[in-house]
Each structure stands twice: as C-alpha cells, then as structure tokens.
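> Just dropping this structure here.
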Amino acid sequence: MQPRERLIFPLDVPHKSAAERLIALLKDHVGLFKVGLELFVAEGPAFLQFLTATARVEYFLDLKFHDIPATVRGALARIQAGARLATVHVDTGRESLNPAPEVRGSGVKLLGVTALTHLTADDMEAMGLAREYARDLPKLVLLRAGIARAAGCDGVVCAGTEAGAVKAAFGPEFLVVCPGIRPAWAAVPGDDQRRIMTPYEAIKAGADYIVVGRPIRLAPDPVDAADKVAAEIEQGLKDRSGA
C-alpha cells in the first residue's frame, strides 16, 4: 500500500452534505473513509450505497456491533459490497466474533474492538474489570486480541500504545487499526482521547492503518493536513523496516 492508503478518515459529521464535501476534498489523499454511528443513524444504508455507486470510494463500517451472537452475525451478513473493514466488540464473546460465511464472501475484514481509546485504568476498574487487567491495559488488549484471533477475526482495533505488542504476539498478517492518533502539530479542542500516539509513532510501532479525524477535519487546510499525516506514515514505515 501507498502511505496514504493506510490513512483512514472518519466521516464524523451529522449529515450527507457535509460528508460529500469532505469526500470530494480528501478522496485522493486518504485510503478509506470511516462511517460511524453518527452518520449511519442520520443517513442509513443508502449512504453506503452512495459511497460505492456514486462517490466510488471504499469504506470502513465502524458500527462496533455489541449484541448477542445471532444479532451480530445477522447484521454482519448484510454488510454491503464496498466495505473493506467492519468492527465488533471483543467483549460480546467468541461466538459473536466468528464471522458468518457471507462475511467472508463479501471480502470485508472483521476487526475486534479491544479497549476504546478514551478509557483509562480508572474507568476500567470502575466498570468492574479485575485490577490485574484494569491497571495493565496492554495486558487486557493482548488478552482480547487473542480471543478475536481465535474466533476468526482478521485483526483488532487498539490504541497505538498497544500496536507493537499485538504485532509481536500475533504476527504481521493480523491487522492492527489504531484510532486516537494525534499529530504533534495539531491541537484538538476538548479532546476526549487518552491513549494517543502521533501518526509516525503508531506506524513505526506496527499499525497497519491509523484513524485520523479531527486533526484533519478541523485544520485550516484539511488536504495539507492529510498530506502531512501521510508523510509521517511514510517515515514511520521506513524506520519500521530499517530502510
């Protein structure tokens, strides 16, 4: 992949017209567009058809399914062509993470969400997680990544701070997608992300894809910001390989 193809831009906007503007602006500067809950609830499956039939871009369907196995597998089986990645929470259990044949046939890669990047050790402990894992988030992420891999997932979503450990444990073919990416040159007002890394750091650590939203969307020149992220990705790849 080219460096920019490893950059995922989230369409975290409330309606289609705002998304269309960003797609037109960035489609030649990022690899995938991410569709999350906000836009999907606003526009529904018709927007996914727009992405493939009209905008002609591939997308990451990041709905983070979290339900009983029958419901999750039924939803996954109905993912439309054009989706390259999709997400399920690992703590739904192994059966929910086991993709149906229809998912494999569509070509979508299924990712297990390990631990959301806004959560801290205090949050985890407050939710009742055993202190052994609440106070050692890399250990928790590795545990959940192992569950995802054993269930048949193609990779995981985790913070950049855990990317290297996941790659070391499960090998280069197991995909790692990292949100919570914050370039040193971009300030995000009221940022809710906690376990963060720069694009360069996350890629060098082993991430296959990084998700960068507000640092690009809020920049005075979003195209320039996306290109700067791609340059960091390129340098991270070089340093990762020792080139």
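A note on labels: chains of the structure tokens are A, B, ... as shown, every chain counts residues from 1, and ligands are counted from 1 in their shown order.
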Hey, what's within 7 Å of A:Glu38 if we count only C-alpha atoms and toss same-chain stuff fewer than 3 positions away? As a ChimeraX atom specification, please?
/A:12-14,41-42
> Taking only stretch 23-165 of chain A into account, list the residues labelled strand (DSSP E) by DSSP (computed from the backbone), as a list of chain:residue names.
A:Leu32, A:Phe33, A:Lys34, A:Val35, A:Tyr59, A:Phe60, A:Leu61, A:Asp62, A:Leu63, A:Lys64, A:Phe65, A:Ala83, A:Arg84, A:Leu85, A:Ala86, A:Thr87, A:Val88, A:His89, A:Lys109, A:Leu110, A:Leu111, A:Gly112, A:Val113, A:Gly155, A:Val156, A:Val157
> With N, CA and C atoms kept, could you save the residues just selected as a JSON list (two decimals), in the first residue's frame?

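Written file, out34.json:
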```
[["chain", "number", "residue", "atom", "x", "y", "z"],
["A", 32, "LEU", "N", -9.17, 5.24, 3.16],
["A", 32, "LEU", "CA", -10.52, 4.79, 3.44],
["A", 32, "LEU", "C", -11.28, 5.89, 4.17],
["A", 33, "PHE", "N", -12.60, 5.90, 3.97],
["A", 33, "PHE", "CA", -13.47, 6.76, 4.76],
["A", 33, "PHE", "C", -14.20, 5.88, 5.78],
["A", 34, "LYS", "N", -14.25, 6.35, 7.00],
["A", 34, "LYS", "CA", -14.89, 5.59, 8.07],
["A", 34, "LYS", "C", -16.30, 6.12, 8.31],
["A", 35, "VAL", "N", -17.26, 5.21, 8.33],
["A", 35, "VAL", "CA", -18.65, 5.55, 8.65],
["A", 35, "VAL", "C", -18.95, 5.01, 10.03],
["A", 59, "TYR", "N", -14.93, 1.93, 2.11],
["A", 59, "TYR", "CA", -15.17, 2.49, 3.43],
["A", 59, "TYR", "C", -14.95, 1.46, 4.53],
["A", 60, "PHE", "N", -14.82, 1.97, 5.73],
["A", 60, "PHE", "CA", -14.67, 1.22, 6.96],
["A", 60, "PHE", "C", -15.98, 1.40, 7.73],
["A", 61, "LEU", "N", -16.75, 0.33, 7.86],
["A", 61, "LEU", "CA", -18.03, 0.39, 8.57],
["A", 61, "LEU", "C", -17.77, 0.17, 10.06],
["A", 62, "ASP", "N", -17.68, 1.26, 10.78],
["A", 62, "ASP", "CA", -17.27, 1.19, 12.19],
["A", 62, "ASP", "C", -18.49, 1.39, 13.10],
["A", 63, "LEU", "N", -19.35, 0.37, 13.13],
["A", 63, "LEU", "CA", -20.55, 0.44, 13.98],
["A", 63, "LEU", "C", -20.34, -0.28, 15.31],
["A", 64, "LYS", "N", -19.22, -0.94, 15.47],
["A", 64, "LYS", "CA", -18.85, -1.57, 16.75],
["A", 64, "LYS", "C", -20.01, -2.41, 17.31],
["A", 65, "PHE", "N", -20.41, -3.41, 16.53],
["A", 65, "PHE", "CA", -21.53, -4.25, 16.95],
["A", 65, "PHE", "C", -21.30, -4.84, 18.33],
["A", 83, "ALA", "N", -17.49, -2.22, 1.60],
["A", 83, "ALA", "CA", -16.91, -2.14, 2.95],
["A", 83, "ALA", "C", -15.63, -2.98, 2.97],
["A", 84, "ARG", "N", -14.54, -2.37, 3.38],
["A", 84, "ARG", "CA", -13.29, -3.12, 3.49],
["A", 84, "ARG", "C", -13.06, -3.64, 4.90],
["A", 85, "LEU", "N", -13.53, -2.89, 5.91],
["A", 85, "LEU", "CA", -13.35, -3.25, 7.30],
["A", 85, "LEU", "C", -14.67, -3.07, 8.04],
["A", 86, "ALA", "N", -14.87, -3.87, 9.10],
["A", 86, "ALA", "CA", -16.04, -3.72, 9.98],
["A", 86, "ALA", "C", -15.62, -4.12, 11.39],
["A", 87, "THR", "N", -16.39, -3.66, 12.39],
["A", 87, "THR", "CA", -15.97, -3.86, 13.79],
["A", 87, "THR", "C", -17.04, -4.52, 14.65],
["A", 88, "VAL", "N", -16.55, -5.34, 15.59],
["A", 88, "VAL", "CA", -17.38, -5.97, 16.63],
["A", 88, "VAL", "C", -16.61, -5.87, 17.94],
["A", 89, "HIS", "N", -17.29, -5.54, 19.02],
["A", 89, "HIS", "CA", -16.62, -5.51, 20.32],
["A", 89, "HIS", "C", -16.21, -6.92, 20.75],
["A", 109, "LYS", "N", -12.98, -7.31, 6.02],
["A", 109, "LYS", "CA", -12.14, -7.79, 7.10],
["A", 109, "LYS", "C", -12.79, -7.42, 8.43],
["A", 110, "LEU", "N", -12.92, -8.39, 9.32],
["A", 110, "LEU", "CA", -13.58, -8.17, 10.61],
["A", 110, "LEU", "C", -12.55, -7.88, 11.68],
["A", 111, "LEU", "N", -12.77, -6.78, 12.40],
["A", 111, "LEU", "CA", -11.85, -6.34, 13.45],
["A", 111, "LEU", "C", -12.54, -6.41, 14.81],
["A", 112, "GLY", "N", -11.83, -6.92, 15.80],
["A", 112, "GLY", "CA", -12.34, -6.92, 17.17],
["A", 112, "GLY", "C", -11.90, -5.65, 17.89],
["A", 113, "VAL", "N", -12.85, -4.94, 18.47],
["A", 113, "VAL", "CA", -12.53, -3.74, 19.24],
["A", 113, "VAL", "C", -12.11, -4.18, 20.64],
["A", 155, "GLY", "N", -8.24, -9.05, 12.57],
["A", 155, "GLY", "CA", -7.39, -8.11, 13.28],
["A", 155, "GLY", "C", -8.15, -7.45, 14.40],
["A", 156, "VAL", "N", -7.57, -6.39, 14.94],
["A", 156, "VAL", "CA", -8.18, -5.68, 16.06],
["A", 156, "VAL", "C", -8.06, -4.18, 15.88],
["A", 157, "VAL", "N", -8.87, -3.48, 16.65],
["A", 157, "VAL", "CA", -8.73, -2.04, 16.85],
["A", 157, "VAL", "C", -8.14, -1.84, 18.24]]
```
> Could you work out how far atom CA of A:Phe47 lies from atom CA of A:Phe9, giving the answer in Å with one decimal?
16.1 Å
> Record the distance separating atom CA of A:Gly82 and atom CA of A:Val57, expressed in Å with one decimal.
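Between atom CA of A:Gly82 and atom CA of A:Val57 the gap works out to 7.5 Å.
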> Find the residues around stretch 207-219 of chain A up to 9 Å (only C-alpha atoms counted), leave out those fewer than 5 positions away in its own chain, and share them as number ranges by chain.
A: 5-12, 22, 34, 160, 163-164, 167, 175-183, 185-188, 199, 202, 224-226, 229, 233
> Produce a file of the selected residues containing C-alpha atoms, as a PDB file, in the first residue's frame.

```
ATOM      1  CA  GLU A   5      -3.762   4.192   1.773  1.00  0.00           C
ATOM      2  CA  ARG A   6      -3.056   3.450   5.424  1.00  0.00           C
ATOM      3  CA  LEU A   7      -4.832   6.644   6.477  1.00  0.00           C
ATOM      4  CA  ILE A   8      -8.494   6.273   7.463  1.00  0.00           C
ATOM      5  CA  PHE A   9     -10.550   9.443   7.683  1.00  0.00           C
ATOM      6  CA  PRO A  10     -13.753   9.277   9.777  1.00  0.00           C
ATOM      7  CA  LEU A  11     -16.831  10.967   8.384  1.00  0.00           C
ATOM      8  CA  ASP A  12     -17.942  12.090  11.833  1.00  0.00           C
ATOM      9  CA  LEU A  22     -15.156  16.026   2.798  1.00  0.00           C
ATOM     10  CA  LYS A  34     -14.895   5.585   8.067  1.00  0.00           C
ATOM     11  CA  GLY A 160      -1.137   2.877  19.123  1.00  0.00           C
ATOM     12  CA  ALA A 163       0.127  -1.917  18.477  1.00  0.00           C
ATOM     13  CA  GLY A 164       3.658  -3.242  18.897  1.00  0.00           C
ATOM     14  CA  LYS A 167       2.025  -7.464  16.284  1.00  0.00           C
ATOM     15  CA  LEU A 175      -4.321  -6.399  11.181  1.00  0.00           C
ATOM     16  CA  VAL A 176      -3.925  -3.568  13.666  1.00  0.00           C
ATOM     17  CA  VAL A 177      -6.035  -0.429  13.226  1.00  0.00           C
ATOM     18  CA  CYS A 178      -5.285   2.457  15.590  1.00  0.00           C
ATOM     19  CA  PRO A 179      -7.587   5.363  16.438  1.00  0.00           C
ATOM     20  CA  GLY A 180      -6.630   8.049  18.946  1.00  0.00           C
ATOM     21  CA  ILE A 181      -3.963   9.432  16.616  1.00  0.00           C
ATOM     22  CA  ARG A 182      -2.848  12.966  17.358  1.00  0.00           C
ATOM     23  CA  PRO A 183      -0.092  14.645  15.305  1.00  0.00           C
ATOM     24  CA  TRP A 185       1.363  19.765  15.148  1.00  0.00           C
ATOM     25  CA  ALA A 186      -2.427  19.540  15.602  1.00  0.00           C
ATOM     26  CA  ALA A 187      -4.380  20.728  18.631  1.00  0.00           C
ATOM     27  CA  VAL A 188      -7.856  19.266  19.221  1.00  0.00           C
ATOM     28  CA  PRO A 199       0.959   9.013  13.162  1.00  0.00           C
ATOM     29  CA  ALA A 202       1.802   4.389  15.661  1.00  0.00           C
ATOM     30  CA  ASP A 224      -2.485  19.764   3.614  1.00  0.00           C
ATOM     31  CA  ALA A 225      -3.105  18.135   6.999  1.00  0.00           C
ATOM     32  CA  ALA A 226      -3.893  14.770   5.371  1.00  0.00           C
ATOM     33  CA  VAL A 229      -0.117  12.690   8.087  1.00  0.00           C
ATOM     34  CA  ILE A 233       3.191   7.384   7.798  1.00  0.00           C
TER      35      ILE A 233
END
```
> To one decimal in Å, tell me the separation between atom CA of A:Ile203 and atom CA of A:Gly236.
5.2 Å
> Would you list, as number ranges by chain, the residues of stretch 42-177 of chain A that end up in helix (DSSP H, G or I) under DSSP run on this structure's backbone?
A: 42-43, 45-55, 69-76, 90-92, 94-97, 101-106, 121-126, 131-134, 137-151, 160-170
